[in-house]
$ cat entry-v1.txt   # compact mmCIF, C-alpha atoms
# COMPACT_ATOMS: atom_id res chain seq x y z
CA MET M 1 26.98 -13.34 4.49
CA THR M 2 29.80 -11.44 2.74
CA LYS M 3 27.65 -11.21 -0.40
CA LEU M 4 25.15 -9.01 1.42
CA ARG M 5 27.79 -6.29 1.70
CA GLY M 6 28.55 -6.51 -2.00
CA TRP M 7 25.07 -5.92 -3.38
CA PRO M 8 24.34 -2.31 -4.36
CA SER M 9 21.64 -0.53 -2.38
CA PHE M 10 20.76 2.17 -4.87
CA PRO M 11 20.83 2.58 -8.66
CA ARG M 12 23.73 4.53 -10.16
CA GLU M 13 21.44 7.28 -11.46
CA LEU M 14 19.25 8.86 -8.80
CA PRO M 15 16.26 11.13 -9.45
CA GLU M 16 16.41 14.70 -8.26
CA PHE M 17 14.42 15.89 -5.28
CA ASP M 18 14.33 19.42 -3.88
CA PRO M 19 12.39 19.45 -0.59
CA ALA M 20 12.19 23.24 -0.73
CA ALA M 21 10.14 22.97 -3.92
CA ALA M 22 7.71 20.35 -2.58
CA PRO M 23 3.99 21.03 -3.15
CA ALA M 24 1.60 22.05 -0.38
CA THR M 25 0.06 18.62 0.16
CA PRO M 26 1.54 15.12 0.37
CA LYS M 27 -1.03 13.84 -2.13
CA GLU M 28 0.45 16.03 -4.86
CA LEU M 29 4.02 14.94 -4.19
CA PHE M 30 2.99 11.30 -3.84
CA LEU M 31 1.24 11.28 -7.22
CA ASP M 32 4.30 12.89 -8.80
CA TRP M 33 6.56 10.19 -7.33
CA LEU M 34 4.10 7.39 -8.12
CA ASN M 35 3.80 8.37 -11.79
CA GLU M 36 7.57 8.80 -12.04
CA ALA M 37 8.12 5.38 -10.48
CA GLY M 38 5.63 3.86 -12.92
CA GLU M 39 7.97 4.74 -15.78
CA HIS M 40 10.82 2.73 -14.25
CA VAL M 41 9.62 -0.04 -11.90
CA LEU M 42 7.12 -2.89 -11.88
CA ALA M 43 4.00 -2.52 -9.73
CA PRO M 44 4.64 0.97 -8.35
CA HIS M 45 1.19 0.78 -6.70
CA ALA M 46 2.21 -2.18 -4.52
CA VAL M 47 2.31 -1.11 -0.88
CA THR M 48 3.12 -2.74 2.46
CA LEU M 49 0.12 -2.48 4.79
CA SER M 50 1.11 -2.78 8.45
CA THR M 51 -1.36 -3.47 11.25
CA VAL M 52 -1.25 -4.84 14.81
CA ASP M 53 -3.10 -7.81 16.28
CA THR M 54 -4.95 -8.04 19.58
CA ASP M 55 -1.67 -8.73 21.41
CA GLY M 56 -0.09 -5.61 19.94
CA ALA M 57 2.22 -7.64 17.68
CA PRO M 58 2.91 -6.04 14.30
CA ASP M 59 1.84 -7.66 11.06
CA ALA M 60 2.57 -6.65 7.47
CA ARG M 61 1.75 -7.73 3.93
CA VAL M 62 1.91 -6.26 0.43
CA VAL M 63 -1.36 -5.16 -1.16
CA ILE M 64 -2.34 -2.99 -4.11
CA LEU M 65 -3.20 0.68 -3.73
CA LYS M 66 -6.70 1.36 -5.05
CA ASP M 67 -6.77 5.14 -5.25
CA VAL M 68 -5.57 8.40 -3.73
CA ASP M 69 -7.57 11.59 -3.28
CA ASP M 70 -7.80 14.54 -0.90
CA ALA M 71 -9.28 12.27 1.79
CA GLY M 72 -6.38 9.82 1.76
CA TRP M 73 -5.11 6.50 0.43
CA TYR M 74 -7.37 3.51 -0.35
CA VAL M 75 -6.87 -0.26 -0.10
CA ALA M 76 -9.40 -3.13 -0.10
CA THR M 77 -9.80 -6.64 1.27
CA SER M 78 -12.35 -9.04 2.68
CA ALA M 79 -13.68 -8.10 6.10
CA GLU M 80 -12.93 -11.70 7.11
CA SER M 81 -9.23 -11.48 6.27
CA PRO M 82 -6.67 -11.28 9.11
CA LYS M 83 -5.74 -7.72 8.21
CA ALA M 84 -9.38 -6.59 8.27
CA VAL M 85 -9.96 -8.31 11.61
CA GLN M 86 -6.90 -6.52 12.97
CA LEU M 87 -8.17 -3.20 11.64
CA ALA M 88 -11.52 -3.79 13.30
CA GLY M 89 -9.71 -4.18 16.63
CA ASN M 90 -7.30 -1.29 16.08
CA PRO M 91 -8.31 1.00 13.19
CA ARG M 92 -4.86 2.49 12.63
CA ALA M 93 -2.33 1.36 10.05
CA ALA M 94 0.84 2.26 8.21
CA LEU M 95 1.50 2.16 4.48
CA THR M 96 5.02 1.85 3.05
CA PHE M 97 5.88 2.29 -0.61
CA PHE M 98 9.38 1.30 -1.72
CA TRP M 99 10.66 1.83 -5.24
CA PRO M 100 14.22 0.42 -5.20
CA GLY M 101 14.77 1.28 -8.85
CA ARG M 102 14.34 4.94 -7.91
CA ALA M 103 15.83 4.72 -4.39
CA ARG M 104 12.67 6.21 -2.94
CA GLN M 105 10.29 5.42 -0.10
CA VAL M 106 7.02 6.94 1.04
CA ARG M 107 5.71 6.14 4.52
CA LEU M 108 2.40 7.17 6.03
CA ARG M 109 0.25 6.20 8.96
CA GLY M 110 -3.15 7.16 10.27
CA LEU M 111 -6.75 6.24 10.95
CA VAL M 112 -8.47 3.60 8.81
CA THR M 113 -12.22 3.72 8.06
CA PRO M 114 -14.32 1.31 5.97
CA ALA M 115 -16.30 2.57 2.99
CA THR M 116 -20.01 2.04 2.48
CA ALA M 117 -21.29 -1.26 1.11
CA ALA M 118 -22.11 0.37 -2.23
CA VAL M 119 -18.62 1.85 -2.64
CA SER M 120 -17.00 -1.44 -1.61
CA ALA M 121 -19.15 -3.41 -4.09
CA ALA M 122 -18.19 -1.02 -6.90
CA ASP M 123 -14.53 -1.50 -5.99
CA PHE M 124 -14.97 -5.28 -6.17
CA ARG M 125 -16.63 -5.16 -9.59
CA ASP M 126 -13.68 -3.15 -10.89
CA ARG M 127 -11.30 -6.00 -10.01
CA PRO M 128 -10.01 -8.30 -12.79
CA PRO M 129 -11.95 -11.59 -13.12
CA ALA M 130 -9.18 -13.70 -11.57
CA SER M 131 -9.07 -11.39 -8.56
CA ARG M 132 -12.83 -11.65 -8.10
CA VAL M 133 -12.60 -15.44 -8.26
CA GLU M 134 -9.86 -15.42 -5.63
CA ALA M 135 -12.05 -13.35 -3.28
CA TYR M 136 -14.92 -15.84 -3.57
CA ILE M 137 -12.65 -18.75 -2.71
CA GLY M 138 -12.43 -17.32 0.80
CA ARG M 139 -10.75 -18.88 3.86
CA GLN M 140 -7.78 -16.55 3.50
CA SER M 141 -4.79 -17.53 5.65
CA GLU M 142 -6.43 -20.71 6.97
CA VAL M 143 -4.35 -23.88 6.94
CA LEU M 144 -4.60 -25.78 3.63
CA THR M 145 -4.36 -29.52 4.23
CA ASP M 146 -5.51 -30.73 0.80
CA PRO M 147 -4.58 -28.80 -2.39
CA ALA M 148 -7.44 -30.59 -4.18
CA GLU M 149 -9.86 -28.79 -1.89
CA LEU M 150 -8.46 -25.46 -3.08
CA LEU M 151 -8.89 -26.53 -6.69
CA ARG M 152 -12.54 -27.45 -6.09
CA ALA M 153 -13.20 -24.16 -4.30
CA ALA M 154 -11.56 -22.23 -7.15
CA GLU M 155 -13.68 -24.03 -9.75
CA ASP M 156 -16.84 -23.27 -7.78
CA ALA M 157 -15.83 -19.62 -7.45
CA GLN M 158 -15.04 -19.43 -11.16
CA ARG M 159 -18.53 -20.66 -12.05
CA TRP M 160 -20.13 -18.22 -9.60
CA VAL M 161 -18.31 -15.22 -11.05
CA GLU M 162 -19.17 -16.23 -14.62
CA GLU M 163 -22.85 -16.68 -13.73
CA ASN M 164 -23.06 -13.57 -11.51
CA PRO M 165 -20.75 -10.95 -13.06
CA ALA M 166 -22.39 -8.05 -11.20
CA ALA M 167 -22.30 -9.69 -7.77
CA ALA M 168 -19.98 -8.69 -4.92
CA PRO M 169 -19.36 -10.41 -1.58
CA GLU M 170 -20.95 -8.66 1.38
CA THR M 171 -17.61 -8.96 3.15
CA TRP M 172 -15.60 -7.10 0.49
CA THR M 173 -14.54 -3.77 1.97
CA ARG M 174 -12.71 -0.74 0.67
CA TYR M 175 -10.73 1.09 3.36
CA LEU M 176 -9.61 4.70 3.58
CA VAL M 177 -6.30 5.44 5.30
CA THR M 178 -6.34 9.06 6.46
CA PRO M 179 -2.75 9.90 7.36
CA ASP M 180 -1.60 12.06 10.23
CA GLU M 181 1.85 12.24 8.66
CA VAL M 182 3.50 11.29 5.38
CA GLU M 183 7.26 11.00 4.89
CA PHE M 184 9.13 11.09 1.58
CA TRP M 185 12.61 9.55 1.51
CA GLN M 186 15.09 9.98 -1.32
CA ALA M 187 18.40 8.12 -1.14
CA SER M 188 21.73 9.80 -1.73
CA HIS M 189 25.01 8.05 -2.55
CA ASP M 190 26.78 10.05 0.17
CA ARG M 191 24.19 8.68 2.64
CA ARG M 192 22.93 12.18 3.43
CA HIS M 193 19.48 11.00 2.43
CA LEU M 194 16.75 13.57 1.84
CA ARG M 195 13.76 13.18 4.15
CA LEU M 196 10.70 15.41 4.07
CA ARG M 197 7.78 14.88 6.46
CA TYR M 198 4.29 16.30 6.10
CA ARG M 199 2.32 16.60 9.32
CA ARG M 200 -1.36 17.40 9.55
CA ALA M 201 -2.12 20.51 11.61
CA GLY M 202 -5.86 21.07 11.75
CA GLY M 203 -7.03 21.22 8.16
CA ASN M 204 -3.60 22.07 6.77
CA TRP M 205 -0.25 20.38 6.24
CA THR M 206 3.11 21.52 7.57
CA THR M 207 6.45 20.24 6.29
CA GLU M 208 9.75 19.64 8.03
CA ARG M 209 13.11 18.23 7.00
CA LEU M 210 14.44 15.26 8.97
CA TRP M 211 17.98 14.18 9.65
CA PRO M 212 19.00 11.14 7.59

$ encode --input "entry-v1.txt" --output "structure tokens"
Amino acid sequence: MTKLRGWPSFPRELPEFDPAAAPATPKELFLDWLNEAGEHVLAPHAVTLSTVDTDGAPDARVVILKDVDDAGWYVATSAESPKAVQLAGNPRAALTFFWPGRARQVRLRGLVTPATAAVSAADFRDRPPASRVEAYIGRQSEVLTDPAELLRAAEDAQRWVEENPAAAPETWTRYLVTPDEVEFWQASHDRRHLRLRYRRAGGNWTTERLWP
């Protein structure tokens, strides 16, 4: 356990962040941070999606961000996956981005709404071939008792994708996360971390500094 205390938490060089100069919307600041992170870290678009199950127990997994626009942040998955089932029961979620190489986090939470079938199908067709094959394998998170069964399912899915390149599963769904609040966190070596929160007020955003 002593080794945990010895590992550094932040890189030696930290990026600058002036909350007073932050743009009017969280989307603008997020895209600035995302593009900056992309120059330094692997998979800056990886995000932890947090949901709750029917018992109110939290659940979390890392997915890939699909897009960001004025409406919000987008992710996608099969409607039969555990996370989609949880969203159907409670359509609110949190997204957490963490870029340790830049000592930055972005956290947001809000309402989640599914896209139309046409938009979801277009999202699926934009996926790399291996990702489309994986989606057709199905049975996500079910118990695997025989690895050979997975191999057979993968081979069948591979053939289907090759023979039907324009097809998309009816269950594939793109989701929009419309945040009520978005927080930007920048580490500081003196532990007086910089925290800026955007909160939606009607059709506008307000900002406020938070204590570390």

$ atom_distance --input "entry-v1.txt" --atom1 "atom CA of M:Asn90" --atom2 "atom CA of M:Thr51"
8.0 Å

$ atom_distance --input "entry-v1.txt" --atom1 "atom CA of M:Pro8" --atom2 "atom CA of M:Ala37"
19.0 Å

$ atom_distance --input "entry-v1.txt" --atom1 "atom CA of M:Tyr175" --atom2 "atom CA of M:Val75"
5.4 Å

$ residues_around --input "entry-v1.txt" --residues "M:Thr54" --least-positions-apart "6" --cutoff "10 Å" --atoms "all atoms listed in the file" --output "VMD selection string"
chain M and resid 85 to 87 89 to 90

$ residues_around --input "entry-v1.txt" --residues "M:Pro129" --least-positions-apart "2" --cutoff "12 Å" --atoms "only C-alpha atoms" --output "ChimeraX atom specification"
/M:124-127,131-136,157-162,164-168

$ residues_near_point --input "entry-v1.txt" --point "(-6.5, -13.7, 13.2)" --cutoff "10 Å" --atoms "all atoms listed in the file" --output "PyMOL selection string"
chain M and resi 53-54+80-86+141-142

$ closest_residue --input "entry-v1.txt" --among "M:Ala43, M:Ala115, M:Ala57, M:Ala154" --to "M:Arg174" --atoms "only C-alpha atoms"
M:Ala115

$ closest_residue --input "entry-v1.txt" --among "M:Pro44, M:Pro179, M:Pro91, M:Gly138" --to "M:Gly110" --atoms "only C-alpha atoms"
M:Pro179

$ closest_residue --input "entry-v1.txt" --among "M:Val41, M:Gly202, M:Ala79, M:Asp190" --to "M:Ala117" --atoms "only C-alpha atoms"
M:Ala79

$ residues_around --input "entry-v1.txt" --residues "M:Pro100" --least-positions-apart "4" --cutoff "9 Å" --atoms "all atoms listed in the file" --output "MDAnalysis selection string"
chainID M and resid 9:11 41 104:105
